[in-house]
Amino acid sequence: MLVKQLANKMSVTPDTVRYYTRIKLLNPISNGSNGYHQYSEADQKRLRFILSARHLGFSVKDIKDIIHESEQGHCPCPLTRELIAQRLVETEALFQQTLRLRNRMKYALHQWDSTPNGVNADQVCSLIETFVDSNDEEQNHE
């Protein structure tokens, strides 16, 4: 099947298929006469695996490592468990950082509810420039 056919079957864009081909995660056969790539059922199966792994949060490098482990005849499951544990730690840290940002934004809105719009030639936006983060205040008092 051609790029577009594989993309349609897998509900992705042709660019997605081309990307995974370019980085050698998919290995279609090239037609010498027209340069078109012919994708096999094995390519479709591989793409399904890639999409599932990406959906779980694995990076492209992780996926390459997992596939490499499998192609070397080793069970990739221990590596997969290790990698997802690392991704979970990273995701948790990002989640906590996002929660802090969310709280800061909510606090800014609350603070700005009672703050008039200001026009000052020395300031771009008085709301931002006079914002006092509640976490900064707490740290200064410790």
# chains A, B, ... in the order shown; residues from 1 in each chain; ligands from 1

$ select_by_dssp --residues "chain A" --states "strand (DSSP E or B)" --output "PyMOL selection string"
chain A and resi 29-30+37-38

$ residues_around --residues "region 105-119 of chain A" --least-positions-apart "2" --cutoff "12 Å" --atoms "only C-alpha atoms" --output "list in words"
Thr98, Leu99, Arg100, Leu101, Arg102, Asn103, Ala121, Asp122, Gln123, Val124, Cys125, Ser126, Leu127, Ile128, Glu129, Thr130, Phe131, Val132, Asp133, Ser134 and Asn135 of chain A

$ closest_residue --among "A:Leu26, A:Pro76, A:Thr91, A:Gln5" --to "Arg48 (chain A)" --atoms "only C-alpha atoms"
A:Leu26

$ residues_around --residues "Thr16 (chain A)" --least-positions-apart "3" --cutoff "12 Å" --atoms "only C-alpha atoms" --output "list of chain:residue names"
A:Val3, A:Lys4, A:Leu6, A:Ala7, A:Asn8, A:Met10, A:Ser11, A:Val12, A:Thr13, A:Tyr19, A:Tyr20, A:Thr21, A:Arg22, A:Ile23, A:Leu25, A:Leu26, A:Leu47, A:Ile50, A:Leu51

$ write_last_selection --atoms "all heavy atoms" --output "compact mmCIF listing (two decimals), in the first residue's frame"
# COMPACT_ATOMS: atom_id res chain seq x y z
N VAL A 3 1.71 5.46 0.82
CA VAL A 3 1.70 6.31 2.03
C VAL A 3 0.28 6.69 2.42
O VAL A 3 -0.14 6.50 3.57
CB VAL A 3 2.55 7.59 1.80
CG1 VAL A 3 2.34 8.57 2.94
CG2 VAL A 3 4.01 7.26 1.66
N LYS A 4 -0.46 7.23 1.48
CA LYS A 4 -1.81 7.71 1.79
C LYS A 4 -2.73 6.57 2.22
O LYS A 4 -3.55 6.74 3.12
CB LYS A 4 -2.38 8.44 0.57
CG LYS A 4 -3.65 9.18 0.87
CD LYS A 4 -4.08 10.07 -0.27
CE LYS A 4 -5.33 10.83 0.13
NZ LYS A 4 -5.77 11.74 -0.91
N LEU A 6 -1.84 3.74 3.74
CA LEU A 6 -1.46 3.36 5.11
C LEU A 6 -1.95 4.41 6.10
O LEU A 6 -2.51 4.07 7.15
CB LEU A 6 0.05 3.18 5.23
CG LEU A 6 0.58 2.82 6.62
CD1 LEU A 6 -0.05 1.53 7.14
CD2 LEU A 6 2.10 2.73 6.60
N ALA A 7 -1.77 5.67 5.76
CA ALA A 7 -2.21 6.75 6.64
C ALA A 7 -3.72 6.66 6.88
O ALA A 7 -4.17 6.77 8.03
CB ALA A 7 -1.85 8.11 6.03
N ASN A 8 -4.48 6.45 5.83
CA ASN A 8 -5.94 6.35 5.98
C ASN A 8 -6.32 5.15 6.83
O ASN A 8 -7.20 5.26 7.69
CB ASN A 8 -6.61 6.26 4.60
CG ASN A 8 -6.59 7.58 3.86
OD1 ASN A 8 -6.42 8.65 4.46
ND2 ASN A 8 -6.75 7.53 2.55
N MET A 10 -4.66 3.81 9.18
CA MET A 10 -4.24 4.00 10.57
C MET A 10 -4.77 5.30 11.17
O MET A 10 -4.46 5.64 12.31
CB MET A 10 -2.72 3.96 10.67
CG MET A 10 -2.10 2.66 10.18
SD MET A 10 -2.70 1.21 11.07
CE MET A 10 -2.15 1.57 12.70
N SER A 11 -5.56 6.05 10.41
CA SER A 11 -6.15 7.31 10.88
C SER A 11 -5.10 8.33 11.32
O SER A 11 -5.22 8.97 12.36
CB SER A 11 -7.16 7.07 12.01
OG SER A 11 -8.19 6.22 11.56
N VAL A 12 -4.04 8.44 10.50
CA VAL A 12 -3.01 9.44 10.72
C VAL A 12 -2.81 10.18 9.41
O VAL A 12 -3.35 9.80 8.37
CB VAL A 12 -1.67 8.81 11.20
CG1 VAL A 12 -1.84 8.13 12.55
CG2 VAL A 12 -1.10 7.85 10.18
N THR A 13 -2.00 11.21 9.45
CA THR A 13 -1.72 11.96 8.23
C THR A 13 -0.60 11.27 7.45
O THR A 13 0.23 10.57 8.04
CB THR A 13 -1.29 13.40 8.54
OG1 THR A 13 -0.03 13.37 9.22
CG2 THR A 13 -2.32 14.13 9.40
N TYR A 19 7.21 10.75 8.30
CA TYR A 19 8.13 11.02 9.41
C TYR A 19 8.73 9.73 9.95
O TYR A 19 9.95 9.60 10.10
CB TYR A 19 7.41 11.78 10.53
CG TYR A 19 8.23 11.91 11.79
CD1 TYR A 19 9.33 12.76 11.84
CD2 TYR A 19 7.93 11.15 12.92
CE1 TYR A 19 10.11 12.86 12.98
CE2 TYR A 19 8.70 11.25 14.07
CZ TYR A 19 9.79 12.10 14.09
OH TYR A 19 10.56 12.20 15.22
N TYR A 20 7.88 8.75 10.26
CA TYR A 20 8.40 7.49 10.81
C TYR A 20 9.22 6.72 9.78
O TYR A 20 10.11 5.96 10.15
CB TYR A 20 7.26 6.65 11.38
CG TYR A 20 6.68 7.26 12.64
CD1 TYR A 20 5.34 7.58 12.73
CD2 TYR A 20 7.50 7.55 13.72
CE1 TYR A 20 4.82 8.17 13.89
CE2 TYR A 20 7.00 8.14 14.88
CZ TYR A 20 5.66 8.43 14.95
OH TYR A 20 5.16 9.02 16.08
N THR A 21 8.97 6.96 8.50
CA THR A 21 9.79 6.37 7.46
C THR A 21 11.16 7.06 7.42
O THR A 21 12.20 6.40 7.36
CB THR A 21 9.10 6.51 6.08
OG1 THR A 21 7.83 5.85 6.14
CG2 THR A 21 9.95 5.89 4.97
N ARG A 22 11.14 8.39 7.50
CA ARG A 22 12.38 9.17 7.44
C ARG A 22 13.33 8.82 8.58
O ARG A 22 14.54 8.75 8.40
CB ARG A 22 12.04 10.67 7.45
CG ARG A 22 13.20 11.57 7.14
CD ARG A 22 12.80 13.03 6.94
NE ARG A 22 12.02 13.61 8.02
CZ ARG A 22 10.71 13.88 7.98
NH1 ARG A 22 10.00 13.63 6.90
NH2 ARG A 22 10.10 14.41 9.02
N ILE A 23 12.76 8.56 9.78
CA ILE A 23 13.62 8.23 10.92
C ILE A 23 13.85 6.72 11.06
O ILE A 23 14.36 6.25 12.06
CB ILE A 23 13.08 8.83 12.24
CG1 ILE A 23 11.73 8.23 12.62
CG2 ILE A 23 13.01 10.35 12.15
CD1 ILE A 23 11.27 8.58 14.02
N LEU A 25 11.89 4.11 11.37
CA LEU A 25 11.06 3.21 12.17
C LEU A 25 10.16 2.38 11.26
O LEU A 25 9.72 1.29 11.64
CB LEU A 25 10.23 3.97 13.20
CG LEU A 25 11.00 4.42 14.43
CD1 LEU A 25 10.13 5.29 15.33
CD2 LEU A 25 11.54 3.24 15.21
N LEU A 26 9.87 2.89 10.09
CA LEU A 26 9.16 2.13 9.05
C LEU A 26 10.13 1.93 7.90
O LEU A 26 10.91 2.84 7.57
CB LEU A 26 7.92 2.87 8.57
CG LEU A 26 6.82 3.13 9.60
CD1 LEU A 26 5.69 3.95 8.98
CD2 LEU A 26 6.28 1.82 10.15
N LEU A 47 3.59 0.44 12.61
CA LEU A 47 3.01 1.76 12.83
C LEU A 47 1.98 1.71 13.96
O LEU A 47 1.92 2.61 14.80
CB LEU A 47 2.39 2.32 11.56
CG LEU A 47 1.80 3.73 11.65
CD1 LEU A 47 2.83 4.74 12.17
CD2 LEU A 47 1.24 4.17 10.31
N ILE A 50 3.94 1.75 17.12
CA ILE A 50 4.49 3.09 17.35
C ILE A 50 3.42 4.02 17.91
O ILE A 50 3.65 4.74 18.89
CB ILE A 50 5.09 3.67 16.05
CG1 ILE A 50 6.32 2.87 15.62
CG2 ILE A 50 5.42 5.15 16.21
CD1 ILE A 50 6.76 3.14 14.18
N LEU A 51 2.26 4.01 17.29
CA LEU A 51 1.17 4.89 17.73
C LEU A 51 0.71 4.54 19.14
O LEU A 51 0.42 5.43 19.94
CB LEU A 51 0.01 4.84 16.73
CG LEU A 51 0.33 5.36 15.32
CD1 LEU A 51 -0.84 5.08 14.38
CD2 LEU A 51 0.69 6.83 15.34

$ select_by_dssp --residues "chain A" --states "alpha helix (DSSP H)" --output "ChimeraX atom specification"
/A:3-10,14-22,41-55,60-71,77-113,126-129,134-140

$ write_last_selection --atoms "C-alpha atoms" --output "mmCIF file, in the first residue's frame"
data_model
loop_
_atom_site.group_PDB
_atom_site.id
_atom_site.type_symbol
_atom_site.label_atom_id
_atom_site.label_comp_id
_atom_site.auth_asym_id
_atom_site.auth_seq_id
_atom_site.Cartn_x
_atom_site.Cartn_y
_atom_site.Cartn_z
ATOM 1 C CA VAL A 3 1.704 6.306 2.028
ATOM 2 C CA LYS A 4 -1.808 7.714 1.785
ATOM 3 C CA GLN A 5 -3.413 4.277 1.974
ATOM 4 C CA LEU A 6 -1.462 3.359 5.107
ATOM 5 C CA ALA A 7 -2.212 6.753 6.645
ATOM 6 C CA ASN A 8 -5.940 6.349 5.976
ATOM 7 C CA LYS A 9 -5.962 2.812 7.399
ATOM 8 C CA MET A 10 -4.243 3.999 10.570
ATOM 9 C CA PRO A 14 0.564 10.984 5.381
ATOM 10 C CA ASP A 15 3.167 13.268 6.992
ATOM 11 C CA THR A 16 3.098 11.037 10.072
ATOM 12 C CA VAL A 17 3.853 7.985 7.936
ATOM 13 C CA ARG A 18 6.614 9.887 6.106
ATOM 14 C CA TYR A 19 8.133 11.018 9.409
ATOM 15 C CA TYR A 20 8.397 7.495 10.806
ATOM 16 C CA THR A 21 9.793 6.371 7.457
ATOM 17 C CA ARG A 22 12.379 9.170 7.438
ATOM 18 C CA GLU A 41 1.337 -5.453 6.510
ATOM 19 C CA ALA A 42 4.451 -5.570 8.708
ATOM 20 C CA ASP A 43 4.814 -1.794 8.305
ATOM 21 C CA GLN A 44 1.177 -1.360 9.272
ATOM 22 C CA LYS A 45 1.710 -3.531 12.354
ATOM 23 C CA ARG A 46 4.861 -1.555 13.237
ATOM 24 C CA LEU A 47 3.008 1.762 12.834
ATOM 25 C CA ARG A 48 0.213 0.484 15.102
ATOM 26 C CA PHE A 49 2.869 -0.349 17.717
ATOM 27 C CA ILE A 50 4.493 3.093 17.353
ATOM 28 C CA LEU A 51 1.170 4.893 17.726
ATOM 29 C CA SER A 52 0.266 2.817 20.792
ATOM 30 C CA ALA A 53 3.638 3.538 22.374
ATOM 31 C CA ARG A 54 3.328 7.276 21.632
ATOM 32 C CA HIS A 55 -0.169 7.210 23.156
ATOM 33 C CA VAL A 60 10.637 8.293 19.707
ATOM 34 C CA LYS A 61 14.012 7.380 21.229
ATOM 35 C CA ASP A 62 12.256 5.074 23.704
ATOM 36 C CA ILE A 63 10.409 3.387 20.846
ATOM 37 C CA LYS A 64 13.645 2.946 18.893
ATOM 38 C CA ASP A 65 15.281 1.411 21.972
ATOM 39 C CA ILE A 66 12.354 -0.957 22.577
ATOM 40 C CA ILE A 67 12.306 -2.051 18.935
ATOM 41 C CA HIS A 68 16.091 -2.484 18.926
ATOM 42 C CA GLU A 69 15.880 -4.655 22.036
ATOM 43 C CA SER A 70 13.238 -6.811 20.364
ATOM 44 C CA GLU A 71 15.166 -7.049 17.095
ATOM 45 C CA CYS A 77 9.391 -5.810 28.509
ATOM 46 C CA PRO A 78 11.913 -5.031 31.309
ATOM 47 C CA LEU A 79 13.188 -2.029 29.332
ATOM 48 C CA THR A 80 9.613 -0.968 28.614
ATOM 49 C CA ARG A 81 8.745 -1.069 32.320
ATOM 50 C CA GLU A 82 11.863 0.933 33.188
ATOM 51 C CA LEU A 83 11.169 3.545 30.527
ATOM 52 C CA ILE A 84 7.532 4.045 31.449
ATOM 53 C CA ALA A 85 8.503 4.437 35.101
ATOM 54 C CA GLN A 86 10.906 7.209 34.036
ATOM 55 C CA ARG A 87 8.232 8.846 31.858
ATOM 56 C CA LEU A 88 5.800 8.716 34.779
ATOM 57 C CA VAL A 89 8.274 10.531 37.064
ATOM 58 C CA GLU A 90 8.833 13.164 34.357
ATOM 59 C CA THR A 91 5.096 13.522 33.730
ATOM 60 C CA GLU A 92 4.386 13.886 37.438
ATOM 61 C CA ALA A 93 6.989 16.668 37.731
ATOM 62 C CA LEU A 94 5.510 18.463 34.728
ATOM 63 C CA PHE A 95 2.019 18.014 36.148
ATOM 64 C CA GLN A 96 3.075 19.562 39.465
ATOM 65 C CA GLN A 97 4.716 22.457 37.627
ATOM 66 C CA THR A 98 1.534 22.968 35.609
ATOM 67 C CA LEU A 99 -0.554 22.927 38.786
ATOM 68 C CA ARG A 100 1.667 25.621 40.287
ATOM 69 C CA LEU A 101 1.237 27.715 37.135
ATOM 70 C CA ARG A 102 -2.536 27.179 37.267
ATOM 71 C CA ASN A 103 -2.633 28.329 40.882
ATOM 72 C CA ARG A 104 -0.501 31.362 40.068
ATOM 73 C CA MET A 105 -2.850 32.277 37.219
ATOM 74 C CA LYS A 106 -5.914 31.890 39.442
ATOM 75 C CA TYR A 107 -4.248 34.018 42.104
ATOM 76 C CA ALA A 108 -3.437 36.696 39.511
ATOM 77 C CA LEU A 109 -7.058 36.807 38.383
ATOM 78 C CA HIS A 110 -8.201 37.079 41.981
ATOM 79 C CA GLN A 111 -5.657 39.830 42.698
ATOM 80 C CA TRP A 112 -6.579 41.706 39.521
ATOM 81 C CA ASP A 113 -10.326 41.629 40.308
ATOM 82 C CA SER A 126 0.575 47.441 35.421
ATOM 83 C CA LEU A 127 -1.292 44.220 36.169
ATOM 84 C CA ILE A 128 1.719 42.088 35.295
ATOM 85 C CA GLU A 129 4.325 44.467 36.645
ATOM 86 C CA SER A 134 1.502 34.448 46.920
ATOM 87 C CA ASN A 135 4.259 31.804 46.851
ATOM 88 C CA ASP A 136 6.916 34.534 46.634
ATOM 89 C CA GLU A 137 5.380 36.256 49.660
ATOM 90 C CA GLU A 138 5.398 33.020 51.662
ATOM 91 C CA GLN A 139 9.045 32.337 50.795
ATOM 92 C CA ASN A 140 10.074 35.874 51.781
#

$ atom_distance --atom1 "CA of Cys75 (chain A)" --atom2 "CA of Phe58 (chain A)"
17.2 Å

$ atom_distance --atom1 "CA of Gln38 (chain A)" --atom2 "CA of Gln72 (chain A)"
25.3 Å

$ decode --residues "region 10-142 of chain A" --atoms "C-alpha atoms" --output "PDB file, in the first residue's frame"
ATOM      1  CA  MET A  10      -4.243   3.999  10.570  1.00  0.00           C
ATOM      2  CA  SER A  11      -6.154   7.314  10.876  1.00  0.00           C
ATOM      3  CA  VAL A  12      -3.008   9.440  10.719  1.00  0.00           C
ATOM      4  CA  THR A  13      -1.721  11.956   8.229  1.00  0.00           C
ATOM      5  CA  PRO A  14       0.564  10.984   5.381  1.00  0.00           C
ATOM      6  CA  ASP A  15       3.167  13.268   6.992  1.00  0.00           C
ATOM      7  CA  THR A  16       3.098  11.037  10.072  1.00  0.00           C
ATOM      8  CA  VAL A  17       3.853   7.985   7.936  1.00  0.00           C
ATOM      9  CA  ARG A  18       6.614   9.887   6.106  1.00  0.00           C
ATOM     10  CA  TYR A  19       8.133  11.018   9.409  1.00  0.00           C
ATOM     11  CA  TYR A  20       8.397   7.495  10.806  1.00  0.00           C
ATOM     12  CA  THR A  21       9.793   6.371   7.457  1.00  0.00           C
ATOM     13  CA  ARG A  22      12.379   9.170   7.438  1.00  0.00           C
ATOM     14  CA  ILE A  23      13.616   8.235  10.919  1.00  0.00           C
ATOM     15  CA  LYS A  24      13.757   4.565   9.873  1.00  0.00           C
ATOM     16  CA  LEU A  25      11.063   3.206  12.166  1.00  0.00           C
ATOM     17  CA  LEU A  26       9.162   2.128   9.055  1.00  0.00           C
ATOM     18  CA  ASN A  27      11.036   0.430   6.225  1.00  0.00           C
ATOM     19  CA  PRO A  28       8.912   0.348   3.088  1.00  0.00           C
ATOM     20  CA  ILE A  29      10.136  -0.986  -0.223  1.00  0.00           C
ATOM     21  CA  SER A  30      10.976   1.761  -2.710  1.00  0.00           C
ATOM     22  CA  ASN A  31       9.666   1.424  -6.224  1.00  0.00           C
ATOM     23  CA  GLY A  32      12.682   2.219  -8.414  1.00  0.00           C
ATOM     24  CA  SER A  33      10.635   3.393 -11.367  1.00  0.00           C
ATOM     25  CA  ASN A  34       8.545   6.035  -9.616  1.00  0.00           C
ATOM     26  CA  GLY A  35      10.162   6.420  -6.169  1.00  0.00           C
ATOM     27  CA  TYR A  36       6.915   5.595  -4.345  1.00  0.00           C
ATOM     28  CA  HIS A  37       7.167   3.653  -1.110  1.00  0.00           C
ATOM     29  CA  GLN A  38       5.237   0.420  -0.808  1.00  0.00           C
ATOM     30  CA  TYR A  39       4.208  -0.372   2.765  1.00  0.00           C
ATOM     31  CA  SER A  40       3.551  -3.947   3.862  1.00  0.00           C
ATOM     32  CA  GLU A  41       1.337  -5.453   6.510  1.00  0.00           C
ATOM     33  CA  ALA A  42       4.451  -5.570   8.708  1.00  0.00           C
ATOM     34  CA  ASP A  43       4.814  -1.794   8.305  1.00  0.00           C
ATOM     35  CA  GLN A  44       1.177  -1.360   9.272  1.00  0.00           C
ATOM     36  CA  LYS A  45       1.710  -3.531  12.354  1.00  0.00           C
ATOM     37  CA  ARG A  46       4.861  -1.555  13.237  1.00  0.00           C
ATOM     38  CA  LEU A  47       3.008   1.762  12.834  1.00  0.00           C
ATOM     39  CA  ARG A  48       0.213   0.484  15.102  1.00  0.00           C
ATOM     40  CA  PHE A  49       2.869  -0.349  17.717  1.00  0.00           C
ATOM     41  CA  ILE A  50       4.493   3.093  17.353  1.00  0.00           C
ATOM     42  CA  LEU A  51       1.170   4.893  17.726  1.00  0.00           C
ATOM     43  CA  SER A  52       0.266   2.817  20.792  1.00  0.00           C
ATOM     44  CA  ALA A  53       3.638   3.538  22.374  1.00  0.00           C
ATOM     45  CA  ARG A  54       3.328   7.276  21.632  1.00  0.00           C
ATOM     46  CA  HIS A  55      -0.169   7.210  23.156  1.00  0.00           C
ATOM     47  CA  LEU A  56       1.389   5.829  26.356  1.00  0.00           C
ATOM     48  CA  GLY A  57       3.920   8.664  26.433  1.00  0.00           C
ATOM     49  CA  PHE A  58       7.007   6.919  25.097  1.00  0.00           C
ATOM     50  CA  SER A  59       9.423   9.142  23.189  1.00  0.00           C
ATOM     51  CA  VAL A  60      10.637   8.293  19.707  1.00  0.00           C
ATOM     52  CA  LYS A  61      14.012   7.380  21.229  1.00  0.00           C
ATOM     53  CA  ASP A  62      12.256   5.074  23.704  1.00  0.00           C
ATOM     54  CA  ILE A  63      10.409   3.387  20.846  1.00  0.00           C
ATOM     55  CA  LYS A  64      13.645   2.946  18.893  1.00  0.00           C
ATOM     56  CA  ASP A  65      15.281   1.411  21.972  1.00  0.00           C
ATOM     57  CA  ILE A  66      12.354  -0.957  22.577  1.00  0.00           C
ATOM     58  CA  ILE A  67      12.306  -2.051  18.935  1.00  0.00           C
ATOM     59  CA  HIS A  68      16.091  -2.484  18.926  1.00  0.00           C
ATOM     60  CA  GLU A  69      15.880  -4.655  22.036  1.00  0.00           C
ATOM     61  CA  SER A  70      13.238  -6.811  20.364  1.00  0.00           C
ATOM     62  CA  GLU A  71      15.166  -7.049  17.095  1.00  0.00           C
ATOM     63  CA  GLN A  72      18.223  -8.243  19.046  1.00  0.00           C
ATOM     64  CA  GLY A  73      16.149 -11.206  20.221  1.00  0.00           C
ATOM     65  CA  HIS A  74      15.707  -9.898  23.758  1.00  0.00           C
ATOM     66  CA  CYS A  75      12.426  -9.438  25.529  1.00  0.00           C
ATOM     67  CA  PRO A  76      11.830  -5.659  25.592  1.00  0.00           C
ATOM     68  CA  CYS A  77       9.391  -5.810  28.509  1.00  0.00           C
ATOM     69  CA  PRO A  78      11.913  -5.031  31.309  1.00  0.00           C
ATOM     70  CA  LEU A  79      13.188  -2.029  29.332  1.00  0.00           C
ATOM     71  CA  THR A  80       9.613  -0.968  28.614  1.00  0.00           C
ATOM     72  CA  ARG A  81       8.745  -1.069  32.320  1.00  0.00           C
ATOM     73  CA  GLU A  82      11.863   0.933  33.188  1.00  0.00           C
ATOM     74  CA  LEU A  83      11.169   3.545  30.527  1.00  0.00           C
ATOM     75  CA  ILE A  84       7.532   4.045  31.449  1.00  0.00           C
ATOM     76  CA  ALA A  85       8.503   4.437  35.101  1.00  0.00           C
ATOM     77  CA  GLN A  86      10.906   7.209  34.036  1.00  0.00           C
ATOM     78  CA  ARG A  87       8.232   8.846  31.858  1.00  0.00           C
ATOM     79  CA  LEU A  88       5.800   8.716  34.779  1.00  0.00           C
ATOM     80  CA  VAL A  89       8.274  10.531  37.064  1.00  0.00           C
ATOM     81  CA  GLU A  90       8.833  13.164  34.357  1.00  0.00           C
ATOM     82  CA  THR A  91       5.096  13.522  33.730  1.00  0.00           C
ATOM     83  CA  GLU A  92       4.386  13.886  37.438  1.00  0.00           C
ATOM     84  CA  ALA A  93       6.989  16.668  37.731  1.00  0.00           C
ATOM     85  CA  LEU A  94       5.510  18.463  34.728  1.00  0.00           C
ATOM     86  CA  PHE A  95       2.019  18.014  36.148  1.00  0.00           C
ATOM     87  CA  GLN A  96       3.075  19.562  39.465  1.00  0.00           C
ATOM     88  CA  GLN A  97       4.716  22.457  37.627  1.00  0.00           C
ATOM     89  CA  THR A  98       1.534  22.968  35.609  1.00  0.00           C
ATOM     90  CA  LEU A  99      -0.554  22.927  38.786  1.00  0.00           C
ATOM     91  CA  ARG A 100       1.667  25.621  40.287  1.00  0.00           C
ATOM     92  CA  LEU A 101       1.237  27.715  37.135  1.00  0.00           C
ATOM     93  CA  ARG A 102      -2.536  27.179  37.267  1.00  0.00           C
ATOM     94  CA  ASN A 103      -2.633  28.329  40.882  1.00  0.00           C
ATOM     95  CA  ARG A 104      -0.501  31.362  40.068  1.00  0.00           C
ATOM     96  CA  MET A 105      -2.850  32.277  37.219  1.00  0.00           C
ATOM     97  CA  LYS A 106      -5.914  31.890  39.442  1.00  0.00           C
ATOM     98  CA  TYR A 107      -4.248  34.018  42.104  1.00  0.00           C
ATOM     99  CA  ALA A 108      -3.437  36.696  39.511  1.00  0.00           C
ATOM    100  CA  LEU A 109      -7.058  36.807  38.383  1.00  0.00           C
ATOM    101  CA  HIS A 110      -8.201  37.079  41.981  1.00  0.00           C
ATOM    102  CA  GLN A 111      -5.657  39.830  42.698  1.00  0.00           C
ATOM    103  CA  TRP A 112      -6.579  41.706  39.521  1.00  0.00           C
ATOM    104  CA  ASP A 113     -10.326  41.629  40.308  1.00  0.00           C
ATOM    105  CA  SER A 114      -9.756  44.520  42.699  1.00  0.00           C
ATOM    106  CA  THR A 115      -7.055  46.268  40.663  1.00  0.00           C
ATOM    107  CA  PRO A 116      -7.983  49.062  38.275  1.00  0.00           C
ATOM    108  CA  ASN A 117      -6.556  49.265  34.786  1.00  0.00           C
ATOM    109  CA  GLY A 118      -3.535  51.495  34.908  1.00  0.00           C
ATOM    110  CA  VAL A 119      -2.009  53.730  32.339  1.00  0.00           C
ATOM    111  CA  ASN A 120       1.556  54.574  33.178  1.00  0.00           C
ATOM    112  CA  ALA A 121       4.135  55.593  30.617  1.00  0.00           C
ATOM    113  CA  ASP A 122       6.800  53.721  32.590  1.00  0.00           C
ATOM    114  CA  GLN A 123       4.920  50.417  32.480  1.00  0.00           C
ATOM    115  CA  VAL A 124       3.789  48.101  29.727  1.00  0.00           C
ATOM    116  CA  CYS A 125       1.012  46.514  31.799  1.00  0.00           C
ATOM    117  CA  SER A 126       0.575  47.441  35.421  1.00  0.00           C
ATOM    118  CA  LEU A 127      -1.292  44.220  36.169  1.00  0.00           C
ATOM    119  CA  ILE A 128       1.719  42.088  35.295  1.00  0.00           C
ATOM    120  CA  GLU A 129       4.325  44.467  36.645  1.00  0.00           C
ATOM    121  CA  THR A 130       2.656  44.831  40.048  1.00  0.00           C
ATOM    122  CA  PHE A 131       1.635  41.182  40.403  1.00  0.00           C
ATOM    123  CA  VAL A 132       2.758  39.684  43.694  1.00  0.00           C
ATOM    124  CA  ASP A 133       2.873  35.909  43.704  1.00  0.00           C
ATOM    125  CA  SER A 134       1.502  34.448  46.920  1.00  0.00           C
ATOM    126  CA  ASN A 135       4.259  31.804  46.851  1.00  0.00           C
ATOM    127  CA  ASP A 136       6.916  34.534  46.634  1.00  0.00           C
ATOM    128  CA  GLU A 137       5.380  36.256  49.660  1.00  0.00           C
ATOM    129  CA  GLU A 138       5.398  33.020  51.662  1.00  0.00           C
ATOM    130  CA  GLN A 139       9.045  32.337  50.795  1.00  0.00           C
ATOM    131  CA  ASN A 140      10.074  35.874  51.781  1.00  0.00           C
ATOM    132  CA  HIS A 141       8.504  35.464  55.236  1.00  0.00           C
ATOM    133  CA  GLU A 142      10.316  32.213  56.007  1.00  0.00           C
TER     134      GLU A 142
END
